[in-house]
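A short worksheet on the structure shown next.
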Amino acid sequence: MKSWIWTGAAYKTCKTVPLTDRGFRYGMSVFESLRVNAGGPEFFDKHLARIIQACAERDIPVDESGLAAAQAVLSDPKTWRALLRQRPDSGPLAPPMSPARKPKPPEDLTAGFARIYVTAGDGGPATLAEHPRIFVFIEPRTPPGPDDAWEVGLHDESYQPLFGGLKTANYWFNSDALAQARLRKFDETILFNDRAEVVSACCANIFVVRDDRLCTPPRSSGCRAGVILLMGHRPPQSRGTPSPSRRHRQCRRDLPHE
């Protein structure tokens, strides 16, 4: 992994977050995840607009020039060459590696995973975010192949999204649900809100092909409004995407293969 912090004039490499930062202390931060290839980050302008909007919703006075400058960092050939020296899928956010999904050698690396974080900076839990910090990191990632398949479970506990599904650093519920799924030998698990509507997976979007149309959960479900999700969004005819009943979900969750 390589990481940087915005100084107000440029990005410099860093490996830590200050203990005084409220992004660390209280999870007070927003982020965007980006796919990166040798040519730079994909859909950067759309991701930039999303994180600027998220900062506005949480009253974080972010330096927009600092966010825009992340594109140059992630597009720098030196950044890509540094990734080539790392083993793909070795980072803490890497997906599970099924027996059929063998890691690619570094010279065959075709994608990286990046995140841009804006934290509330230092201060108390109720004070305004006057001096936010911007962090960027990237790590190698092996793209899924056309024959890759994941075993997906159904999480029984209702998901309560923060701020209508805003992407924040508070990921504990998702992490715990994912850990429970892994114990049951699933690669991922689907989350539902308290109206029994599909929201998302723990660390992935959900798309459903219905009558040759790509459908996704609506924002009203509490799903995170990611760039890729919104690109595939089709306004539903009714509110939410109904799931099976809770009893049915419990039965299906216990099946070894779904």
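By convention here, the chains of the structure tokens are called A, B, ... in the order presented, each chain's residues are numbered starting at 1, and ligands are numbered starting at 1 in the order presented.
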What lies within 8 Å of Ala201 (chain A) using only C-alpha atoms, ignoring chain neighbours under 4 positions off, as a PDB file with C-alpha atoms, in the first residue's frame?
```pdb
ATOM      1  CA  GLU A 188     -19.913 -11.995   1.209  1.00  0.00           C
ATOM      2  CA  THR A 189     -23.342 -11.404   2.713  1.00  0.00           C
ATOM      3  CA  ILE A 190     -26.330  -9.259   1.744  1.00  0.00           C
ATOM      4  CA  LEU A 191     -27.564  -6.580   4.143  1.00  0.00           C
ATOM      5  CA  ASN A 205     -22.533  -3.219  -4.598  1.00  0.00           C
ATOM      6  CA  ILE A 206     -25.497  -5.316  -5.657  1.00  0.00           C
TER       7      ILE A 206
END
```
What lies within 8 Å of Arg35 (chain A) using only C-alpha atoms, ignoring chain neighbours under 4 positions off, as an mmCIF file with N, CA, C and O atoms, in the first residue's frame?
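selection.cif, written as the output of this step:
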```
data_model
loop_
_atom_site.group_PDB
_atom_site.id
_atom_site.type_symbol
_atom_site.label_atom_id
_atom_site.label_comp_id
_atom_site.auth_asym_id
_atom_site.auth_seq_id
_atom_site.Cartn_x
_atom_site.Cartn_y
_atom_site.Cartn_z
ATOM 1 N N PRO A 41 -7.021 6.849 -12.287
ATOM 2 C CA PRO A 41 -8.298 6.439 -11.680
ATOM 3 C C PRO A 41 -9.452 6.544 -12.667
ATOM 4 O O PRO A 41 -9.515 7.472 -13.478
ATOM 5 N N GLU A 42 -10.372 5.584 -12.593
ATOM 6 C CA GLU A 42 -11.532 5.593 -13.476
ATOM 7 C C GLU A 42 -12.635 6.474 -12.902
ATOM 8 O O GLU A 42 -12.856 6.502 -11.697
ATOM 9 N N ALA A 111 -5.040 -3.669 -12.231
ATOM 10 C CA ALA A 111 -5.927 -2.777 -11.491
ATOM 11 C C ALA A 111 -5.396 -2.547 -10.087
ATOM 12 O O ALA A 111 -4.722 -3.394 -9.503
ATOM 13 N N GLY A 112 -5.717 -1.386 -9.573
ATOM 14 C CA GLY A 112 -5.427 -1.052 -8.185
ATOM 15 C C GLY A 112 -6.689 -0.540 -7.525
ATOM 16 O O GLY A 112 -7.662 -0.165 -8.196
ATOM 17 N N PHE A 113 -6.687 -0.543 -6.201
ATOM 18 C CA PHE A 113 -7.821 -0.062 -5.414
ATOM 19 C C PHE A 113 -7.359 1.158 -4.635
ATOM 20 O O PHE A 113 -6.358 1.097 -3.913
ATOM 21 N N ALA A 114 -8.063 2.266 -4.784
ATOM 22 C CA ALA A 114 -7.678 3.506 -4.109
ATOM 23 C C ALA A 114 -8.848 4.060 -3.321
ATOM 24 O O ALA A 114 -10.017 3.797 -3.641
#
```
(request) Excluding Ala82 (chain A) and any residue of its chain fewer than 5 positions from it, enumerate the residues within 10 Å of it, using only C-alpha atoms, and give them as a VMD selection string. (result) chain A and resid 1 to 2 77 139 to 140
Residues at most 8 Å from Arg22 (chain A), counting only C-alpha atoms, excluding those fewer than 2 positions away in the same chain, as a PDB file with N, CA, C and O atoms, in the first residue's frame?
```
ATOM      1  N   THR A  20      -5.143  12.312  17.276  1.00  0.00           N
ATOM      2  CA  THR A  20      -6.075  13.394  17.595  1.00  0.00           C
ATOM      3  C   THR A  20      -7.123  13.610  16.518  1.00  0.00           C
ATOM      4  O   THR A  20      -8.078  14.367  16.727  1.00  0.00           O
ATOM      5  N   PHE A  24     -10.138   9.123  13.161  1.00  0.00           N
ATOM      6  CA  PHE A  24      -9.673   7.962  13.929  1.00  0.00           C
ATOM      7  C   PHE A  24     -10.458   7.798  15.220  1.00  0.00           C
ATOM      8  O   PHE A  24     -10.889   6.695  15.568  1.00  0.00           O
ATOM      9  N   ARG A  25     -10.685   8.890  15.940  1.00  0.00           N
ATOM     10  CA  ARG A  25     -11.295   8.800  17.267  1.00  0.00           C
ATOM     11  C   ARG A  25     -12.788   8.483  17.219  1.00  0.00           C
ATOM     12  O   ARG A  25     -13.295   7.715  18.033  1.00  0.00           O
ATOM     13  N   TYR A  26     -13.503   9.081  16.259  1.00  0.00           N
ATOM     14  CA  TYR A  26     -14.958   8.935  16.235  1.00  0.00           C
ATOM     15  C   TYR A  26     -15.509   8.421  14.905  1.00  0.00           C
ATOM     16  O   TYR A  26     -16.727   8.329  14.744  1.00  0.00           O
ATOM     17  N   GLY A  27     -14.644   8.107  13.965  1.00  0.00           N
ATOM     18  CA  GLY A  27     -15.127   7.683  12.650  1.00  0.00           C
ATOM     19  C   GLY A  27     -15.719   8.811  11.841  1.00  0.00           C
ATOM     20  O   GLY A  27     -16.512   8.571  10.916  1.00  0.00           O
ATOM     21  N   MET A  28     -15.344  10.052  12.175  1.00  0.00           N
ATOM     22  CA  MET A  28     -15.910  11.219  11.492  1.00  0.00           C
ATOM     23  C   MET A  28     -15.120  11.516  10.212  1.00  0.00           C
ATOM     24  O   MET A  28     -14.210  12.353  10.192  1.00  0.00           O
ATOM     25  N   SER A  29     -15.452  10.813   9.158  1.00  0.00           N
ATOM     26  CA  SER A  29     -14.815  11.044   7.862  1.00  0.00           C
ATOM     27  C   SER A  29     -15.706  10.493   6.766  1.00  0.00           C
ATOM     28  O   SER A  29     -16.574   9.648   7.014  1.00  0.00           O
ATOM     29  N   THR A 119     -11.267  13.648   6.546  1.00  0.00           N
ATOM     30  CA  THR A 119     -11.625  13.517   7.954  1.00  0.00           C
ATOM     31  C   THR A 119     -12.026  14.866   8.526  1.00  0.00           C
ATOM     32  O   THR A 119     -11.749  15.923   7.935  1.00  0.00           O
ATOM     33  N   ALA A 120     -12.666  14.842   9.692  1.00  0.00           N
ATOM     34  CA  ALA A 120     -13.082  16.079  10.349  1.00  0.00           C
ATOM     35  C   ALA A 120     -11.921  16.784  11.029  1.00  0.00           C
ATOM     36  O   ALA A 120     -12.093  17.872  11.584  1.00  0.00           O
ATOM     37  N   GLY A 121     -10.740  16.195  11.004  1.00  0.00           N
ATOM     38  CA  GLY A 121      -9.580  16.816  11.636  1.00  0.00           C
ATOM     39  C   GLY A 121      -9.662  16.748  13.155  1.00  0.00           C
ATOM     40  O   GLY A 121     -10.447  16.002  13.731  1.00  0.00           O
ATOM     41  N   ASP A 122      -8.844  17.557  13.815  1.00  0.00           N
ATOM     42  CA  ASP A 122      -8.803  17.552  15.276  1.00  0.00           C
ATOM     43  C   ASP A 122      -9.989  18.306  15.864  1.00  0.00           C
ATOM     44  O   ASP A 122     -10.600  19.160  15.206  1.00  0.00           O
ATOM     45  N   GLY A 123     -10.294  18.000  17.132  1.00  0.00           N
ATOM     46  CA  GLY A 123     -11.372  18.697  17.820  1.00  0.00           C
ATOM     47  C   GLY A 123     -12.221  17.747  18.630  1.00  0.00           C
ATOM     48  O   GLY A 123     -12.016  16.530  18.631  1.00  0.00           O
ATOM     49  N   GLY A 124     -13.187  18.314  19.322  1.00  0.00           N
ATOM     50  CA  GLY A 124     -14.101  17.525  20.122  1.00  0.00           C
ATOM     51  C   GLY A 124     -15.197  16.915  19.275  1.00  0.00           C
ATOM     52  O   GLY A 124     -15.360  17.264  18.098  1.00  0.00           O
ATOM     53  N   PRO A 125     -15.986  16.024  19.859  1.00  0.00           N
ATOM     54  CA  PRO A 125     -17.019  15.338  19.076  1.00  0.00           C
ATOM     55  C   PRO A 125     -18.122  16.257  18.574  1.00  0.00           C
ATOM     56  O   PRO A 125     -18.832  15.908  17.624  1.00  0.00           O
TER      57      PRO A 125
END
```
(request) Extract, using only C-alpha atoms, all DNA, RNA and protein residues at most 6 Å from Gly165 (chain A), discarding same-chain residues fewer than 2 positions from it, and format them as a VMD selection string. (result) chain A and resid 161 to 163 222 to 224
Filtering to N, CA, C and O atoms, could you give me those residues as a PDB file, in the first residue's frame?
```pdb
ATOM      1  N   PRO A 161     -28.302   2.346   8.205  1.00  0.00           N
ATOM      2  CA  PRO A 161     -27.311   3.206   7.549  1.00  0.00           C
ATOM      3  C   PRO A 161     -27.213   4.577   8.207  1.00  0.00           C
ATOM      4  O   PRO A 161     -28.207   5.138   8.663  1.00  0.00           O
ATOM      5  N   LEU A 162     -25.991   5.098   8.256  1.00  0.00           N
ATOM      6  CA  LEU A 162     -25.763   6.437   8.788  1.00  0.00           C
ATOM      7  C   LEU A 162     -26.023   7.487   7.712  1.00  0.00           C
ATOM      8  O   LEU A 162     -25.608   7.325   6.562  1.00  0.00           O
ATOM      9  N   PHE A 163     -26.711   8.556   8.093  1.00  0.00           N
ATOM     10  CA  PHE A 163     -26.895   9.718   7.210  1.00  0.00           C
ATOM     11  C   PHE A 163     -27.412   9.306   5.824  1.00  0.00           C
ATOM     12  O   PHE A 163     -26.931   9.783   4.792  1.00  0.00           O
ATOM     13  N   GLY A 222     -31.098   3.069   1.882  1.00  0.00           N
ATOM     14  CA  GLY A 222     -29.944   3.317   2.741  1.00  0.00           C
ATOM     15  C   GLY A 222     -28.645   2.851   2.126  1.00  0.00           C
ATOM     16  O   GLY A 222     -27.594   2.892   2.772  1.00  0.00           O
ATOM     17  N   CYS A 223     -28.674   2.421   0.848  1.00  0.00           N
ATOM     18  CA  CYS A 223     -27.447   1.972   0.202  1.00  0.00           C
ATOM     19  C   CYS A 223     -26.503   3.155   0.017  1.00  0.00           C
ATOM     20  O   CYS A 223     -26.925   4.317  -0.081  1.00  0.00           O
ATOM     21  N   ARG A 224     -25.229   2.864  -0.009  1.00  0.00           N
ATOM     22  CA  ARG A 224     -24.226   3.908  -0.215  1.00  0.00           C
ATOM     23  C   ARG A 224     -24.279   4.376  -1.665  1.00  0.00           C
ATOM     24  O   ARG A 224     -24.264   3.565  -2.586  1.00  0.00           O
TER      25      ARG A 224
END
```
(request) Run DSSP on the backbone and give me the residues of region 11-228 of chain A it puts in alpha helix (DSSP H), as a ChimeraX atom specification. (result) /A:22-25,44-57,64-75,77-84,172-183,227-228
(request) Find the spatial neighbours of region 50-60 of chain A, counting only C-alpha atoms, within a cut-off of 10 Å - ignore same-chain residues fewer than 5 positions away - and output them as a count of residues only. (result) 28
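The residue that comes closest to Asp148 (chain A), out of A:Asp187, A:Phe192, A:Gly23, A:Phe135 and on the basis of only C-alpha atoms, is A:Asp187.
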(message) Taking the DSSP secondary structure from the backbone, can you list the residues of region 7-218 of chain A that are strand (DSSP E or B), as an MDAnalysis selection string?
(response) chainID A and resid 11:13 21 29:37 40:41 112:119 122 133:140 152:154 168 188:192 197:201 208:210 213:215
Could you please take those selected residues and save N, CA and C atoms as a compact mmCIF listing (two decimals), in the first residue's frame?
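Full text of part.txt as output:
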```txt
# COMPACT_ATOMS: atom_id res chain seq x y z
N TYR A 11 0.69 16.80 -2.05
CA TYR A 11 0.59 15.54 -1.32
C TYR A 11 1.98 15.07 -0.93
N LYS A 12 2.12 14.60 0.29
CA LYS A 12 3.37 13.97 0.72
C LYS A 12 3.04 12.59 1.28
N THR A 13 4.00 11.69 1.16
CA THR A 13 3.76 10.33 1.63
C THR A 13 3.59 10.32 3.15
N ASP A 21 -6.97 12.96 15.38
CA ASP A 21 -7.90 13.16 14.27
C ASP A 21 -9.23 12.49 14.58
N SER A 29 -15.45 10.81 9.16
CA SER A 29 -14.82 11.04 7.86
C SER A 29 -15.71 10.49 6.77
N VAL A 30 -15.50 10.98 5.57
CA VAL A 30 -16.20 10.48 4.38
C VAL A 30 -15.15 10.03 3.39
N PHE A 31 -15.56 9.18 2.43
CA PHE A 31 -14.56 8.65 1.50
C PHE A 31 -15.20 8.32 0.17
N GLU A 32 -14.33 8.08 -0.81
CA GLU A 32 -14.71 7.53 -2.10
C GLU A 32 -13.69 6.45 -2.46
N SER A 33 -14.18 5.34 -3.00
CA SER A 33 -13.33 4.25 -3.47
C SER A 33 -13.23 4.32 -4.99
N LEU A 34 -12.03 4.09 -5.52
CA LEU A 34 -11.80 4.21 -6.95
C LEU A 34 -11.02 3.02 -7.48
N ARG A 35 -11.39 2.57 -8.65
CA ARG A 35 -10.58 1.60 -9.38
C ARG A 35 -9.52 2.39 -10.15
N VAL A 36 -8.30 1.90 -10.11
CA VAL A 36 -7.17 2.58 -10.76
C VAL A 36 -6.47 1.60 -11.67
N ASN A 37 -6.10 2.05 -12.86
CA ASN A 37 -5.28 1.25 -13.75
C ASN A 37 -4.06 2.06 -14.17
N GLY A 40 -4.55 5.69 -14.76
CA GLY A 40 -5.05 6.56 -13.71
C GLY A 40 -6.38 6.08 -13.16
N PRO A 41 -7.02 6.85 -12.29
CA PRO A 41 -8.30 6.44 -11.68
C PRO A 41 -9.45 6.54 -12.67
N GLY A 112 -5.72 -1.39 -9.57
CA GLY A 112 -5.43 -1.05 -8.19
C GLY A 112 -6.69 -0.54 -7.52
N PHE A 113 -6.69 -0.54 -6.20
CA PHE A 113 -7.82 -0.06 -5.41
C PHE A 113 -7.36 1.16 -4.63
N ALA A 114 -8.06 2.27 -4.78
CA ALA A 114 -7.68 3.51 -4.11
C ALA A 114 -8.85 4.06 -3.32
N ARG A 115 -8.53 4.81 -2.28
CA ARG A 115 -9.55 5.54 -1.53
C ARG A 115 -9.06 6.94 -1.24
N ILE A 116 -10.01 7.87 -1.28
CA ILE A 116 -9.77 9.25 -0.84
C ILE A 116 -10.62 9.47 0.41
N TYR A 117 -9.97 9.82 1.50
CA TYR A 117 -10.66 10.10 2.76
C TYR A 117 -10.57 11.58 3.09
N VAL A 118 -11.66 12.14 3.56
CA VAL A 118 -11.65 13.48 4.16
C VAL A 118 -12.12 13.33 5.60
N THR A 119 -11.27 13.65 6.55
CA THR A 119 -11.62 13.52 7.95
C THR A 119 -12.03 14.87 8.53
N ASP A 122 -8.84 17.56 13.82
CA ASP A 122 -8.80 17.55 15.28
C ASP A 122 -9.99 18.31 15.86
N ARG A 133 -8.63 16.94 7.19
CA ARG A 133 -7.46 16.36 6.54
C ARG A 133 -7.91 15.51 5.35
N ILE A 134 -7.05 15.43 4.34
CA ILE A 134 -7.31 14.61 3.17
C ILE A 134 -6.22 13.54 3.09
N PHE A 135 -6.63 12.29 3.01
CA PHE A 135 -5.71 11.17 2.85
C PHE A 135 -6.06 10.42 1.57
N VAL A 136 -5.05 9.88 0.93
CA VAL A 136 -5.22 9.05 -0.26
C VAL A 136 -4.37 7.80 -0.08
N PHE A 137 -4.92 6.64 -0.42
CA PHE A 137 -4.09 5.43 -0.44
C PHE A 137 -4.45 4.59 -1.65
N ILE A 138 -3.53 3.74 -2.04
CA ILE A 138 -3.75 2.82 -3.15
C ILE A 138 -3.04 1.51 -2.84
N GLU A 139 -3.64 0.40 -3.26
CA GLU A 139 -3.03 -0.91 -3.10
C GLU A 139 -3.35 -1.76 -4.32
N PRO A 140 -2.53 -2.76 -4.62
CA PRO A 140 -2.79 -3.60 -5.80
C PRO A 140 -4.01 -4.47 -5.59
N VAL A 152 -22.54 -16.29 -1.48
CA VAL A 152 -23.11 -15.11 -0.81
C VAL A 152 -24.20 -15.54 0.16
N GLY A 153 -24.11 -15.06 1.41
CA GLY A 153 -25.12 -15.35 2.41
C GLY A 153 -26.07 -14.19 2.61
N LEU A 154 -26.98 -14.31 3.56
CA LEU A 154 -27.95 -13.28 3.90
C LEU A 154 -27.80 -12.96 5.39
N THR A 168 -19.13 6.78 5.10
CA THR A 168 -18.33 7.25 6.23
C THR A 168 -17.38 6.15 6.68
N GLU A 188 -19.25 -13.27 0.93
CA GLU A 188 -19.91 -11.99 1.21
C GLU A 188 -21.30 -12.29 1.77
N THR A 189 -21.98 -11.24 2.22
CA THR A 189 -23.34 -11.40 2.71
C THR A 189 -24.16 -10.17 2.35
N ILE A 190 -25.44 -10.35 2.14
CA ILE A 190 -26.33 -9.26 1.74
C ILE A 190 -26.97 -8.65 2.98
N LEU A 191 -27.00 -7.32 3.02
CA LEU A 191 -27.56 -6.58 4.14
C LEU A 191 -28.97 -6.10 3.79
N PHE A 192 -29.85 -6.07 4.81
CA PHE A 192 -31.23 -5.62 4.66
C PHE A 192 -31.52 -4.53 5.69
N GLU A 197 -35.76 -4.55 3.09
CA GLU A 197 -35.35 -4.21 1.73
C GLU A 197 -33.85 -4.47 1.58
N VAL A 198 -33.46 -4.93 0.43
CA VAL A 198 -32.05 -5.12 0.13
C VAL A 198 -31.34 -3.76 0.13
N VAL A 199 -30.19 -3.70 0.80
CA VAL A 199 -29.39 -2.47 0.83
C VAL A 199 -28.13 -2.63 -0.01
N SER A 200 -27.30 -3.59 0.37
CA SER A 200 -26.04 -3.82 -0.33
C SER A 200 -25.39 -5.06 0.25
N ALA A 201 -24.21 -5.40 -0.23
CA ALA A 201 -23.37 -6.36 0.45
C ALA A 201 -22.50 -5.59 1.45
N VAL A 208 -28.89 -6.39 -10.02
CA VAL A 208 -29.78 -7.47 -10.43
C VAL A 208 -30.20 -7.23 -11.88
N VAL A 209 -30.08 -8.25 -12.70
CA VAL A 209 -30.54 -8.15 -14.09
C VAL A 209 -31.97 -8.67 -14.15
N ARG A 210 -32.87 -7.78 -14.53
CA ARG A 210 -34.30 -8.12 -14.60
C ARG A 210 -34.83 -7.68 -15.96
N ARG A 213 -32.58 -5.59 -17.94
CA ARG A 213 -32.29 -4.27 -17.41
C ARG A 213 -31.53 -4.42 -16.11
N LEU A 214 -30.58 -3.54 -15.90
CA LEU A 214 -29.75 -3.57 -14.69
C LEU A 214 -30.44 -2.76 -13.60
N CYS A 215 -30.72 -3.41 -12.48
CA CYS A 215 -31.41 -2.75 -11.36
C CYS A 215 -30.50 -2.75 -10.13
```
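Here the question is which of A:Trp4, A:Trp80, A:Ala72, A:Gly39 gets nearest to Thr16 (chain A) using only C-alpha atoms, and that residue is A:Trp4.
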